[in-house]
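Asker: Handing over start.txt, compact mmCIF, N, CA and C atoms.
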# COMPACT_ATOMS: atom_id res chain seq x y z
N LEU A 22 24.18 -16.45 4.50
CA LEU A 22 23.76 -15.09 4.78
C LEU A 22 23.02 -15.00 6.11
N GLY A 23 22.29 -16.06 6.47
CA GLY A 23 21.54 -16.07 7.71
C GLY A 23 22.43 -15.94 8.94
N GLN A 24 23.59 -16.60 8.93
CA GLN A 24 24.50 -16.49 10.07
C GLN A 24 25.13 -15.10 10.15
N GLN A 25 25.36 -14.50 9.00
CA GLN A 25 25.94 -13.15 9.00
C GLN A 25 24.94 -12.13 9.54
N VAL A 26 23.67 -12.29 9.17
CA VAL A 26 22.64 -11.36 9.62
C VAL A 26 22.30 -11.62 11.08
N GLY A 27 22.06 -12.86 11.43
CA GLY A 27 21.69 -13.22 12.79
C GLY A 27 20.20 -12.97 13.05
N ALA A 28 19.66 -13.71 13.97
CA ALA A 28 18.23 -13.62 14.27
C ALA A 28 17.86 -12.26 14.85
N TYR A 29 18.74 -11.71 15.67
CA TYR A 29 18.48 -10.42 16.30
C TYR A 29 18.33 -9.32 15.25
N HIS A 30 19.26 -9.25 14.32
CA HIS A 30 19.19 -8.23 13.28
C HIS A 30 18.07 -8.51 12.27
N TRP A 31 17.80 -9.79 12.04
CA TRP A 31 16.69 -10.12 11.14
C TRP A 31 15.38 -9.61 11.71
N LEU A 32 15.19 -9.76 13.03
CA LEU A 32 13.96 -9.28 13.65
C LEU A 32 13.85 -7.76 13.56
N TYR A 33 14.98 -7.06 13.69
CA TYR A 33 14.94 -5.60 13.49
C TYR A 33 14.53 -5.26 12.06
N GLY A 34 15.04 -5.99 11.10
CA GLY A 34 14.64 -5.78 9.70
C GLY A 34 13.16 -6.08 9.50
N GLN A 35 12.68 -7.13 10.12
CA GLN A 35 11.27 -7.50 10.02
C GLN A 35 10.40 -6.41 10.64
N PHE A 36 10.85 -5.85 11.76
CA PHE A 36 10.12 -4.77 12.42
C PHE A 36 10.11 -3.53 11.51
N GLY A 37 11.21 -3.26 10.85
CA GLY A 37 11.27 -2.12 9.93
C GLY A 37 10.30 -2.27 8.77
N PHE A 38 10.22 -3.45 8.21
CA PHE A 38 9.26 -3.67 7.12
C PHE A 38 7.82 -3.58 7.62
N ALA A 39 7.56 -4.06 8.83
CA ALA A 39 6.22 -3.95 9.39
C ALA A 39 5.85 -2.47 9.58
N TRP A 40 6.79 -1.67 10.06
CA TRP A 40 6.55 -0.24 10.23
C TRP A 40 6.27 0.42 8.88
N LEU A 41 7.04 0.04 7.87
CA LEU A 41 6.83 0.58 6.52
C LEU A 41 5.43 0.24 6.02
N ASN A 42 5.00 -0.98 6.22
CA ASN A 42 3.66 -1.38 5.78
C ASN A 42 2.57 -0.59 6.50
N LEU A 43 2.76 -0.33 7.77
CA LEU A 43 1.76 0.43 8.53
C LEU A 43 1.71 1.90 8.12
N THR A 44 2.84 2.47 7.78
CA THR A 44 2.85 3.89 7.41
C THR A 44 2.49 4.12 5.96
N PHE A 45 2.60 3.11 5.13
CA PHE A 45 2.29 3.30 3.71
C PHE A 45 0.79 3.44 3.48
N ALA A 46 -0.03 2.74 4.24
CA ALA A 46 -1.48 2.80 4.03
C ALA A 46 -2.02 4.22 4.14
N PRO A 47 -1.70 4.98 5.19
CA PRO A 47 -2.20 6.36 5.21
C PRO A 47 -1.56 7.24 4.13
N TYR A 48 -0.32 6.93 3.76
CA TYR A 48 0.35 7.72 2.73
C TYR A 48 -0.39 7.60 1.39
N ILE A 49 -0.67 6.38 0.94
CA ILE A 49 -1.33 6.21 -0.35
C ILE A 49 -2.76 6.74 -0.29
N ARG A 50 -3.41 6.59 0.86
CA ARG A 50 -4.77 7.13 0.99
C ARG A 50 -4.75 8.65 0.86
N HIS A 51 -3.80 9.30 1.50
CA HIS A 51 -3.69 10.75 1.42
C HIS A 51 -3.39 11.22 0.00
N ARG A 52 -2.46 10.55 -0.67
CA ARG A 52 -2.11 10.93 -2.05
C ARG A 52 -3.30 10.73 -2.99
N LEU A 53 -4.03 9.64 -2.82
CA LEU A 53 -5.20 9.38 -3.66
C LEU A 53 -6.28 10.43 -3.36
N TRP A 54 -6.48 10.77 -2.09
CA TRP A 54 -7.49 11.75 -1.73
C TRP A 54 -7.18 13.12 -2.34
N LEU A 55 -5.91 13.51 -2.34
CA LEU A 55 -5.52 14.78 -2.97
C LEU A 55 -5.85 14.78 -4.46
N ASN A 56 -5.58 13.67 -5.13
CA ASN A 56 -5.90 13.57 -6.56
C ASN A 56 -7.41 13.57 -6.79
N LEU A 57 -8.16 12.93 -5.90
CA LEU A 57 -9.62 12.94 -6.04
C LEU A 57 -10.18 14.33 -5.80
N GLN A 58 -9.60 15.07 -4.89
CA GLN A 58 -10.05 16.44 -4.67
C GLN A 58 -9.76 17.32 -5.89
N ASP A 59 -8.63 17.10 -6.54
CA ASP A 59 -8.35 17.83 -7.78
C ASP A 59 -9.40 17.50 -8.84
N ALA A 60 -9.74 16.21 -8.95
CA ALA A 60 -10.76 15.80 -9.92
C ALA A 60 -12.12 16.41 -9.56
N SER A 61 -12.41 16.50 -8.26
CA SER A 61 -13.70 17.07 -7.86
C SER A 61 -13.76 18.56 -8.17
N GLN A 62 -12.64 19.23 -8.14
CA GLN A 62 -12.62 20.65 -8.51
C GLN A 62 -12.94 20.83 -9.99
N LYS A 63 -12.47 19.89 -10.82
CA LYS A 63 -12.82 19.93 -12.25
C LYS A 63 -14.33 19.77 -12.43
N VAL A 64 -14.90 18.82 -11.69
CA VAL A 64 -16.34 18.57 -11.78
C VAL A 64 -17.12 19.79 -11.27
N ALA A 65 -16.65 20.38 -10.17
CA ALA A 65 -17.33 21.55 -9.60
C ALA A 65 -17.25 22.74 -10.56
N ALA A 66 -16.12 22.89 -11.23
CA ALA A 66 -15.96 24.00 -12.17
C ALA A 66 -16.91 23.85 -13.36
N GLU A 67 -17.16 22.60 -13.76
CA GLU A 67 -18.07 22.35 -14.88
C GLU A 67 -19.53 22.51 -14.46
N GLY A 68 -19.80 22.32 -13.17
CA GLY A 68 -21.18 22.43 -12.67
C GLY A 68 -22.02 21.26 -13.15
N GLY A 69 -23.29 21.48 -13.35
CA GLY A 69 -24.19 20.44 -13.85
C GLY A 69 -24.71 19.55 -12.75
N ALA A 70 -25.24 18.40 -13.14
CA ALA A 70 -25.89 17.48 -12.21
C ALA A 70 -24.90 16.83 -11.25
N ALA A 71 -23.61 16.79 -11.60
CA ALA A 71 -22.62 16.14 -10.74
C ALA A 71 -22.17 17.03 -9.60
N TRP A 72 -22.67 18.28 -9.53
CA TRP A 72 -22.26 19.21 -8.49
C TRP A 72 -23.49 19.73 -7.77
N ASP A 73 -23.56 19.49 -6.44
CA ASP A 73 -24.72 19.96 -5.68
C ASP A 73 -24.40 21.15 -4.78
N GLY A 74 -23.24 21.74 -4.93
CA GLY A 74 -22.85 22.89 -4.14
C GLY A 74 -21.90 22.58 -3.00
N THR A 75 -21.89 21.33 -2.53
CA THR A 75 -20.97 20.95 -1.46
C THR A 75 -20.10 19.76 -1.83
N THR A 76 -20.68 18.80 -2.54
CA THR A 76 -19.90 17.63 -2.98
C THR A 76 -20.03 17.47 -4.48
N ALA A 77 -19.01 16.88 -5.04
CA ALA A 77 -19.01 16.60 -6.47
C ALA A 77 -19.01 15.10 -6.68
N LYS A 78 -19.82 14.62 -7.60
CA LYS A 78 -19.81 13.20 -7.95
C LYS A 78 -18.75 13.02 -9.03
N VAL A 79 -17.61 12.52 -8.61
CA VAL A 79 -16.50 12.32 -9.54
C VAL A 79 -16.77 11.05 -10.32
N PRO A 80 -16.82 11.14 -11.66
CA PRO A 80 -17.13 9.95 -12.46
C PRO A 80 -16.03 8.89 -12.37
N GLN A 81 -16.42 7.67 -12.70
CA GLN A 81 -15.52 6.52 -12.63
C GLN A 81 -14.22 6.76 -13.39
N THR A 82 -14.29 7.38 -14.54
CA THR A 82 -13.07 7.60 -15.33
C THR A 82 -12.09 8.49 -14.59
N LEU A 83 -12.59 9.53 -13.92
CA LEU A 83 -11.69 10.41 -13.18
C LEU A 83 -11.15 9.75 -11.90
N VAL A 84 -11.95 8.88 -11.29
CA VAL A 84 -11.48 8.14 -10.12
C VAL A 84 -10.35 7.20 -10.52
N ARG A 85 -10.55 6.48 -11.61
CA ARG A 85 -9.49 5.58 -12.10
C ARG A 85 -8.25 6.36 -12.50
N GLU A 86 -8.46 7.50 -13.12
CA GLU A 86 -7.33 8.35 -13.53
C GLU A 86 -6.56 8.83 -12.30
N ALA A 87 -7.26 9.20 -11.24
CA ALA A 87 -6.61 9.65 -10.00
C ALA A 87 -5.78 8.52 -9.39
N PHE A 88 -6.35 7.30 -9.35
CA PHE A 88 -5.61 6.17 -8.81
C PHE A 88 -4.40 5.83 -9.68
N SER A 89 -4.60 5.82 -10.99
CA SER A 89 -3.49 5.51 -11.90
C SER A 89 -2.38 6.53 -11.77
N ASN A 90 -2.75 7.79 -11.62
CA ASN A 90 -1.76 8.84 -11.48
C ASN A 90 -0.91 8.62 -10.23
N VAL A 91 -1.56 8.26 -9.13
CA VAL A 91 -0.81 8.01 -7.90
C VAL A 91 0.02 6.74 -8.04
N PHE A 92 -0.56 5.68 -8.57
CA PHE A 92 0.13 4.40 -8.63
C PHE A 92 1.33 4.42 -9.58
N TRP A 93 1.20 5.07 -10.70
CA TRP A 93 2.27 5.04 -11.71
C TRP A 93 3.24 6.21 -11.63
N HIS A 94 2.86 7.31 -10.98
CA HIS A 94 3.71 8.50 -11.04
C HIS A 94 4.20 9.00 -9.69
N ASP A 95 3.82 8.39 -8.60
CA ASP A 95 4.26 8.83 -7.29
C ASP A 95 5.51 8.04 -6.89
N ILE A 96 6.58 8.74 -6.57
CA ILE A 96 7.85 8.07 -6.25
C ILE A 96 7.74 7.26 -4.96
N GLY A 97 6.92 7.72 -4.01
CA GLY A 97 6.73 6.96 -2.77
C GLY A 97 6.09 5.61 -3.02
N VAL A 98 5.12 5.56 -3.92
CA VAL A 98 4.47 4.29 -4.26
C VAL A 98 5.45 3.38 -4.98
N CYS A 99 6.23 3.95 -5.88
CA CYS A 99 7.23 3.16 -6.61
C CYS A 99 8.23 2.53 -5.64
N MET A 100 8.70 3.32 -4.69
CA MET A 100 9.66 2.78 -3.72
C MET A 100 9.00 1.71 -2.86
N TYR A 101 7.71 1.89 -2.53
CA TYR A 101 7.02 0.90 -1.70
C TYR A 101 6.85 -0.43 -2.44
N VAL A 102 6.60 -0.38 -3.73
CA VAL A 102 6.46 -1.62 -4.50
C VAL A 102 7.76 -2.43 -4.40
N PHE A 103 8.89 -1.77 -4.60
CA PHE A 103 10.17 -2.47 -4.50
C PHE A 103 10.44 -2.91 -3.06
N ALA A 104 10.07 -2.08 -2.08
CA ALA A 104 10.28 -2.44 -0.68
C ALA A 104 9.40 -3.63 -0.28
N SER A 105 8.20 -3.73 -0.83
CA SER A 105 7.33 -4.86 -0.46
C SER A 105 7.87 -6.17 -1.04
N VAL A 106 8.47 -6.11 -2.22
CA VAL A 106 9.12 -7.31 -2.77
C VAL A 106 10.33 -7.68 -1.91
N ALA A 107 11.08 -6.67 -1.49
CA ALA A 107 12.23 -6.93 -0.60
C ALA A 107 11.74 -7.50 0.73
N SER A 108 10.61 -7.04 1.22
CA SER A 108 10.04 -7.56 2.46
C SER A 108 9.67 -9.03 2.32
N LEU A 109 9.09 -9.38 1.17
CA LEU A 109 8.77 -10.79 0.93
C LEU A 109 10.03 -11.64 0.93
N TRP A 110 11.06 -11.17 0.24
CA TRP A 110 12.34 -11.89 0.20
C TRP A 110 12.90 -12.03 1.62
N TRP A 111 12.88 -10.95 2.39
CA TRP A 111 13.40 -10.94 3.76
C TRP A 111 12.63 -11.93 4.64
N SER A 112 11.32 -11.97 4.48
CA SER A 112 10.50 -12.88 5.30
C SER A 112 10.73 -14.34 4.93
N PHE A 113 10.77 -14.63 3.62
CA PHE A 113 11.00 -16.03 3.20
C PHE A 113 12.36 -16.52 3.65
N ASN A 114 13.39 -15.71 3.45
CA ASN A 114 14.72 -16.12 3.88
C ASN A 114 14.81 -16.18 5.40
N GLY A 115 14.17 -15.25 6.08
CA GLY A 115 14.18 -15.28 7.54
C GLY A 115 13.54 -16.53 8.11
N LEU A 116 12.50 -17.01 7.44
CA LEU A 116 11.86 -18.24 7.89
C LEU A 116 12.86 -19.40 7.85
N ASP A 117 13.62 -19.48 6.77
CA ASP A 117 14.65 -20.52 6.68
C ASP A 117 15.73 -20.32 7.74
N TRP A 118 16.13 -19.07 7.96
CA TRP A 118 17.20 -18.78 8.90
C TRP A 118 16.81 -19.11 10.33
N VAL A 119 15.62 -18.71 10.75
CA VAL A 119 15.25 -18.93 12.15
C VAL A 119 14.84 -20.38 12.41
N GLU A 120 14.34 -21.08 11.41
CA GLU A 120 13.98 -22.48 11.62
C GLU A 120 15.19 -23.41 11.57
N ALA A 121 16.34 -22.88 11.16
CA ALA A 121 17.55 -23.69 11.09
C ALA A 121 18.06 -24.05 12.48
N SER A 122 17.72 -23.26 13.47
CA SER A 122 18.21 -23.50 14.82
C SER A 122 17.10 -23.19 15.82
N ASP A 123 16.94 -24.07 16.81
CA ASP A 123 15.94 -23.83 17.85
C ASP A 123 16.29 -22.61 18.68
N ALA A 124 17.57 -22.29 18.79
CA ALA A 124 17.99 -21.13 19.58
C ALA A 124 17.54 -19.82 18.93
N CYS A 125 17.35 -19.85 17.62
CA CYS A 125 16.94 -18.63 16.90
C CYS A 125 15.43 -18.42 16.93
N ASP A 126 14.69 -19.43 17.35
CA ASP A 126 13.23 -19.34 17.29
C ASP A 126 12.58 -19.81 18.59
N PRO A 127 12.90 -19.14 19.71
CA PRO A 127 12.29 -19.59 20.97
C PRO A 127 10.79 -19.32 20.99
N GLY A 128 10.04 -20.33 21.24
CA GLY A 128 8.58 -20.20 21.30
C GLY A 128 7.92 -20.08 19.93
N GLY A 129 8.69 -20.10 18.88
CA GLY A 129 8.14 -20.01 17.53
C GLY A 129 7.71 -18.62 17.10
N PHE A 130 8.05 -17.61 17.90
CA PHE A 130 7.61 -16.25 17.58
C PHE A 130 8.32 -15.67 16.36
N ALA A 131 9.59 -15.98 16.20
CA ALA A 131 10.33 -15.46 15.03
C ALA A 131 9.79 -16.08 13.75
N SER A 132 9.47 -17.36 13.76
CA SER A 132 8.92 -17.98 12.55
C SER A 132 7.51 -17.45 12.27
N MET A 133 6.75 -17.14 13.33
CA MET A 133 5.43 -16.53 13.11
C MET A 133 5.57 -15.14 12.50
N ALA A 134 6.60 -14.39 12.91
CA ALA A 134 6.84 -13.08 12.32
C ALA A 134 7.20 -13.21 10.84
N ALA A 135 7.97 -14.24 10.51
CA ALA A 135 8.33 -14.47 9.11
C ALA A 135 7.12 -14.87 8.28
N MET A 136 6.27 -15.72 8.83
CA MET A 136 5.07 -16.12 8.10
C MET A 136 4.09 -14.96 7.95
N ALA A 137 3.98 -14.12 8.98
CA ALA A 137 3.10 -12.96 8.89
C ALA A 137 3.62 -11.98 7.83
N GLY A 138 4.94 -11.79 7.77
CA GLY A 138 5.51 -10.91 6.75
C GLY A 138 5.27 -11.43 5.35
N SER A 139 5.40 -12.74 5.17
CA SER A 139 5.13 -13.35 3.86
C SER A 139 3.66 -13.25 3.51
N ALA A 140 2.79 -13.52 4.47
CA ALA A 140 1.35 -13.47 4.22
C ALA A 140 0.90 -12.06 3.89
N PHE A 141 1.54 -11.05 4.50
CA PHE A 141 1.12 -9.68 4.23
C PHE A 141 1.34 -9.30 2.78
N PHE A 142 2.41 -9.78 2.17
CA PHE A 142 2.64 -9.48 0.75
C PHE A 142 1.49 -10.01 -0.10
N PHE A 143 1.06 -11.23 0.16
CA PHE A 143 -0.03 -11.80 -0.62
C PHE A 143 -1.36 -11.11 -0.31
N PHE A 144 -1.56 -10.70 0.94
CA PHE A 144 -2.73 -9.90 1.29
C PHE A 144 -2.72 -8.60 0.49
N LEU A 145 -1.56 -7.98 0.38
CA LEU A 145 -1.42 -6.72 -0.35
C LEU A 145 -1.80 -6.89 -1.82
N VAL A 146 -1.36 -7.97 -2.43
CA VAL A 146 -1.68 -8.24 -3.83
C VAL A 146 -3.19 -8.44 -3.99
N VAL A 147 -3.81 -9.22 -3.12
CA VAL A 147 -5.25 -9.46 -3.19
C VAL A 147 -6.02 -8.17 -2.93
N TYR A 148 -5.57 -7.37 -1.96
CA TYR A 148 -6.23 -6.11 -1.65
C TYR A 148 -6.24 -5.18 -2.86
N PHE A 149 -5.09 -5.02 -3.51
CA PHE A 149 -5.03 -4.14 -4.67
C PHE A 149 -5.82 -4.69 -5.85
N ALA A 150 -5.90 -6.01 -5.98
CA ALA A 150 -6.74 -6.60 -7.02
C ALA A 150 -8.21 -6.29 -6.75
N CYS A 151 -8.63 -6.41 -5.49
CA CYS A 151 -10.02 -6.09 -5.14
C CYS A 151 -10.28 -4.60 -5.32
N PHE A 152 -9.33 -3.75 -4.98
CA PHE A 152 -9.51 -2.31 -5.15
C PHE A 152 -9.61 -1.96 -6.64
N TRP A 153 -8.82 -2.63 -7.46
CA TRP A 153 -8.88 -2.41 -8.91
C TRP A 153 -10.26 -2.82 -9.43
N LEU A 154 -10.80 -3.94 -8.95
CA LEU A 154 -12.15 -4.36 -9.35
C LEU A 154 -13.19 -3.33 -8.88
N TYR A 155 -13.01 -2.81 -7.69
CA TYR A 155 -13.91 -1.77 -7.19
C TYR A 155 -13.88 -0.56 -8.11
N LEU A 156 -12.70 -0.17 -8.56
CA LEU A 156 -12.59 0.97 -9.47
C LEU A 156 -13.25 0.68 -10.81
N LYS A 157 -13.19 -0.57 -11.25
CA LYS A 157 -13.82 -0.95 -12.52
C LYS A 157 -15.34 -0.98 -12.40
N CYS A 158 -15.86 -1.35 -11.24
CA CYS A 158 -17.30 -1.52 -11.09
C CYS A 158 -18.01 -0.30 -10.55
N GLY A 159 -17.30 0.58 -9.86
CA GLY A 159 -17.93 1.75 -9.26
C GLY A 159 -18.37 2.74 -10.32
N SER A 160 -19.44 3.45 -10.05
CA SER A 160 -19.94 4.41 -11.03
C SER A 160 -19.43 5.82 -10.76
N ALA A 161 -19.39 6.24 -9.51
CA ALA A 161 -18.93 7.58 -9.16
C ALA A 161 -18.58 7.60 -7.68
N MET A 162 -17.87 8.64 -7.28
CA MET A 162 -17.49 8.80 -5.89
C MET A 162 -17.75 10.25 -5.49
N GLU A 163 -18.41 10.45 -4.35
CA GLU A 163 -18.68 11.80 -3.89
C GLU A 163 -17.48 12.34 -3.13
N VAL A 164 -16.99 13.51 -3.56
CA VAL A 164 -15.81 14.11 -2.96
C VAL A 164 -16.09 15.59 -2.75
N THR A 165 -15.66 16.11 -1.62
CA THR A 165 -15.78 17.55 -1.37
C THR A 165 -14.52 18.24 -1.88
N PRO A 166 -14.65 19.14 -2.84
CA PRO A 166 -13.47 19.84 -3.35
C PRO A 166 -12.84 20.74 -2.29
N VAL A 167 -11.57 21.00 -2.44
CA VAL A 167 -10.87 21.90 -1.54
C VAL A 167 -11.43 23.30 -1.69
N GLY A 168 -11.67 23.97 -0.60
CA GLY A 168 -12.16 25.34 -0.64
C GLY A 168 -13.67 25.47 -0.66
N TYR A 169 -14.40 24.36 -0.55
CA TYR A 169 -15.88 24.42 -0.55
C TYR A 169 -16.41 23.98 0.78
Could the structure of this file be written out as structure tokens, please?
Answerer:
Amino acid sequence: LGQQVGAYHWLYGQFGFAWLNLTFAPYIRHRLWLNLQDASQKVAAEGGAAWDGTTAKVPQTLVREAFSNVFWHDIGVCMYVFASVASLWWSFNGLDWVEASDACDPGGFASMAAMAGSAFFFFLVVYFACFWLYLKCGSAMEVTPVGY
């Protein structure tokens, strides 16, 4: 498969996955922020000590619910999970493909791109594990509801 793809096309694929990884971070942040603002509107509507007139202290349960809603029900996140696994596969195979010939890896840059792509997947797993722990340990998050 490596000879059919070629190093040139593999690098274009690697660049595409890198672009996807860069654009996904603001996407998930935006989707999570929208869900947190919805949760803050619920808190603001209830009033009480969690609402000071400008920001709402969204309790941990609603923050986790907002994240779970985005992670499990957003089609963009679902597609990204599958794309990140495909990116890992592409990077691991690309490392084998470019290291098979010195002509495919001048200066070692292609193999560094493959290792960076593989490492990013594991960084992503650790990042989401840490974020999940943050959601478990956090008590509340201050959010300004839409329209306030």
Asker: Quick one: pull the distance between atom N of Gln35 (chain A) and CA of Val98 (chain A), Å, one decimal.
Answerer: 20.1 Å
Asker: Based on the backbone DSSP call, show me all residues of chain A assigned strand (DSSP E), as a PyMOL selection string.
Answerer: chain A and resi 77-80+161-164
Asker: Keeping N, CA and C atoms for every residue in the selection just given, could you write it to a file as a tab-separated table (two decimals), in the frame of the given file?
Answerer:
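Printed below is selection-v7.tsv as written:
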chain	number	residue	atom	x	y	z
A	77	ALA	N	-19.01	16.88	-5.04
A	77	ALA	CA	-19.01	16.60	-6.47
A	77	ALA	C	-19.01	15.10	-6.68
A	78	LYS	N	-19.82	14.62	-7.60
A	78	LYS	CA	-19.81	13.20	-7.95
A	78	LYS	C	-18.75	13.02	-9.03
A	79	VAL	N	-17.61	12.52	-8.61
A	79	VAL	CA	-16.50	12.32	-9.54
A	79	VAL	C	-16.77	11.05	-10.32
A	80	PRO	N	-16.82	11.14	-11.66
A	80	PRO	CA	-17.13	9.95	-12.46
A	80	PRO	C	-16.03	8.89	-12.37
A	161	ALA	N	-19.39	6.24	-9.51
A	161	ALA	CA	-18.93	7.58	-9.16
A	161	ALA	C	-18.58	7.60	-7.68
A	162	MET	N	-17.87	8.64	-7.28
A	162	MET	CA	-17.49	8.80	-5.89
A	162	MET	C	-17.75	10.25	-5.49
A	163	GLU	N	-18.41	10.45	-4.35
A	163	GLU	CA	-18.68	11.80	-3.89
A	163	GLU	C	-17.48	12.34	-3.13
A	164	VAL	N	-16.99	13.51	-3.56
A	164	VAL	CA	-15.81	14.11	-2.96
A	164	VAL	C	-16.09	15.59	-2.75
Asker: Using atom C of Thr75 (chain A) and atom C of Cys151 (chain A) as the two end points, give the distance in Å to one decimal.
Answerer: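 Separation of atom C of Thr75 (chain A) and atom C of Cys151 (chain A): 26.5 Å.
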Asker: Need the shell around Gly138 (chain A): protein/DNA/RNA residues with any atom at most 12 Å away, counting only C-alpha atoms. Skip same-chain ones fewer than 6 positions apart. Format as a list in words?
Answerer: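 Those residues are Leu32, Gly34, Gln35, Phe36, Gly37, Phe38, Ala39, Trp40, Leu41, Asn42, Ser105, Val106, Ala107, Ser108, Leu109, Trp110, Trp111, Ser112, Phe113, Asn114, Gly115, Leu116, Ala131, Ser132, Phe144 and Leu145 of chain A.
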Asker: Given the selection you just returned, output its residues as a file containing N, CA and C atoms, formatted as an mmCIF file, in the frame of the given file.
Answerer:
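Result went into out-v2.cif, see below:
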data_model
loop_
_atom_site.group_PDB
_atom_site.id
_atom_site.type_symbol
_atom_site.label_atom_id
_atom_site.label_comp_id
_atom_site.auth_asym_id
_atom_site.auth_seq_id
_atom_site.Cartn_x
_atom_site.Cartn_y
_atom_site.Cartn_z
ATOM 1 N N LEU A 32 15.190 -9.760 13.030
ATOM 2 C CA LEU A 32 13.960 -9.280 13.650
ATOM 3 C C LEU A 32 13.850 -7.760 13.560
ATOM 4 N N GLY A 34 15.040 -5.990 11.100
ATOM 5 C CA GLY A 34 14.640 -5.780 9.700
ATOM 6 C C GLY A 34 13.160 -6.080 9.500
ATOM 7 N N GLN A 35 12.680 -7.130 10.120
ATOM 8 C CA GLN A 35 11.270 -7.500 10.020
ATOM 9 C C GLN A 35 10.400 -6.410 10.640
ATOM 10 N N PHE A 36 10.850 -5.850 11.760
ATOM 11 C CA PHE A 36 10.120 -4.770 12.420
ATOM 12 C C PHE A 36 10.110 -3.530 11.510
ATOM 13 N N GLY A 37 11.210 -3.260 10.850
ATOM 14 C CA GLY A 37 11.270 -2.120 9.930
ATOM 15 C C GLY A 37 10.300 -2.270 8.770
ATOM 16 N N PHE A 38 10.220 -3.450 8.210
ATOM 17 C CA PHE A 38 9.260 -3.670 7.120
ATOM 18 C C PHE A 38 7.820 -3.580 7.620
ATOM 19 N N ALA A 39 7.560 -4.060 8.830
ATOM 20 C CA ALA A 39 6.220 -3.950 9.390
ATOM 21 C C ALA A 39 5.850 -2.470 9.580
ATOM 22 N N TRP A 40 6.790 -1.670 10.060
ATOM 23 C CA TRP A 40 6.550 -0.240 10.230
ATOM 24 C C TRP A 40 6.270 0.420 8.880
ATOM 25 N N LEU A 41 7.040 0.040 7.870
ATOM 26 C CA LEU A 41 6.830 0.580 6.520
ATOM 27 C C LEU A 41 5.430 0.240 6.020
ATOM 28 N N ASN A 42 5.000 -0.980 6.220
ATOM 29 C CA ASN A 42 3.660 -1.380 5.780
ATOM 30 C C ASN A 42 2.570 -0.590 6.500
ATOM 31 N N SER A 105 8.200 -3.730 -0.830
ATOM 32 C CA SER A 105 7.330 -4.860 -0.460
ATOM 33 C C SER A 105 7.870 -6.170 -1.040
ATOM 34 N N VAL A 106 8.470 -6.110 -2.220
ATOM 35 C CA VAL A 106 9.120 -7.310 -2.770
ATOM 36 C C VAL A 106 10.330 -7.680 -1.910
ATOM 37 N N ALA A 107 11.080 -6.670 -1.490
ATOM 38 C CA ALA A 107 12.230 -6.930 -0.600
ATOM 39 C C ALA A 107 11.740 -7.500 0.730
ATOM 40 N N SER A 108 10.610 -7.040 1.220
ATOM 41 C CA SER A 108 10.040 -7.560 2.460
ATOM 42 C C SER A 108 9.670 -9.030 2.320
ATOM 43 N N LEU A 109 9.090 -9.380 1.170
ATOM 44 C CA LEU A 109 8.770 -10.790 0.930
ATOM 45 C C LEU A 109 10.030 -11.640 0.930
ATOM 46 N N TRP A 110 11.060 -11.170 0.240
ATOM 47 C CA TRP A 110 12.340 -11.890 0.200
ATOM 48 C C TRP A 110 12.900 -12.030 1.620
ATOM 49 N N TRP A 111 12.880 -10.950 2.390
ATOM 50 C CA TRP A 111 13.400 -10.940 3.760
ATOM 51 C C TRP A 111 12.630 -11.930 4.640
ATOM 52 N N SER A 112 11.320 -11.970 4.480
ATOM 53 C CA SER A 112 10.500 -12.880 5.300
ATOM 54 C C SER A 112 10.730 -14.340 4.930
ATOM 55 N N PHE A 113 10.770 -14.630 3.620
ATOM 56 C CA PHE A 113 11.000 -16.030 3.200
ATOM 57 C C PHE A 113 12.360 -16.520 3.650
ATOM 58 N N ASN A 114 13.390 -15.710 3.450
ATOM 59 C CA ASN A 114 14.720 -16.120 3.880
ATOM 60 C C ASN A 114 14.810 -16.180 5.400
ATOM 61 N N GLY A 115 14.170 -15.250 6.080
ATOM 62 C CA GLY A 115 14.180 -15.280 7.540
ATOM 63 C C GLY A 115 13.540 -16.530 8.110
ATOM 64 N N LEU A 116 12.500 -17.010 7.440
ATOM 65 C CA LEU A 116 11.860 -18.240 7.890
ATOM 66 C C LEU A 116 12.860 -19.400 7.850
ATOM 67 N N ALA A 131 9.590 -15.980 16.200
ATOM 68 C CA ALA A 131 10.330 -15.460 15.030
ATOM 69 C C ALA A 131 9.790 -16.080 13.750
ATOM 70 N N SER A 132 9.470 -17.360 13.760
ATOM 71 C CA SER A 132 8.920 -17.980 12.550
ATOM 72 C C SER A 132 7.510 -17.450 12.270
ATOM 73 N N PHE A 144 -1.560 -10.700 0.940
ATOM 74 C CA PHE A 144 -2.730 -9.900 1.290
ATOM 75 C C PHE A 144 -2.720 -8.600 0.490
ATOM 76 N N LEU A 145 -1.560 -7.980 0.380
ATOM 77 C CA LEU A 145 -1.420 -6.720 -0.350
ATOM 78 C C LEU A 145 -1.800 -6.890 -1.820
#
Asker: For a test of reading the model, state the distance in Å between atom N of Tyr48 (chain A) and atom C of Gly97 (chain A), rounded to one decimal.
Answerer: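 The value is 9.4 Å.
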Asker: For the helix (DSSP H, G or I) assignment from backbone DSSP, which residues of chain A qualify? Please present them as number ranges by chain.
Answerer: A: 23-67, 81-94, 96-120, 123-125, 127-158
Asker: Can you tell me which residues surround Ser61 (chain A) at a distance of at most 6 Å, considering only N, CA and C atoms, apart from same-chain residues fewer than 6 positions away, and format the answer as a PDB file with N, CA and C atoms, in the coordinates of the input?
Answerer:
ATOM      1  N   ALA A  77     -19.010  16.880  -5.040  1.00  0.00           N
ATOM      2  CA  ALA A  77     -19.010  16.600  -6.470  1.00  0.00           C
ATOM      3  C   ALA A  77     -19.010  15.100  -6.680  1.00  0.00           C
ATOM      4  N   VAL A  79     -17.610  12.520  -8.610  1.00  0.00           N
ATOM      5  CA  VAL A  79     -16.500  12.320  -9.540  1.00  0.00           C
ATOM      6  C   VAL A  79     -16.770  11.050 -10.320  1.00  0.00           C
ATOM      7  N   VAL A 164     -16.990  13.510  -3.560  1.00  0.00           N
ATOM      8  CA  VAL A 164     -15.810  14.110  -2.960  1.00  0.00           C
ATOM      9  C   VAL A 164     -16.090  15.590  -2.750  1.00  0.00           C
ATOM     10  N   PRO A 166     -14.650  19.140  -2.840  1.00  0.00           N
ATOM     11  CA  PRO A 166     -13.470  19.840  -3.350  1.00  0.00           C
ATOM     12  C   PRO A 166     -12.840  20.740  -2.290  1.00  0.00           C
TER      13      PRO A 166
END
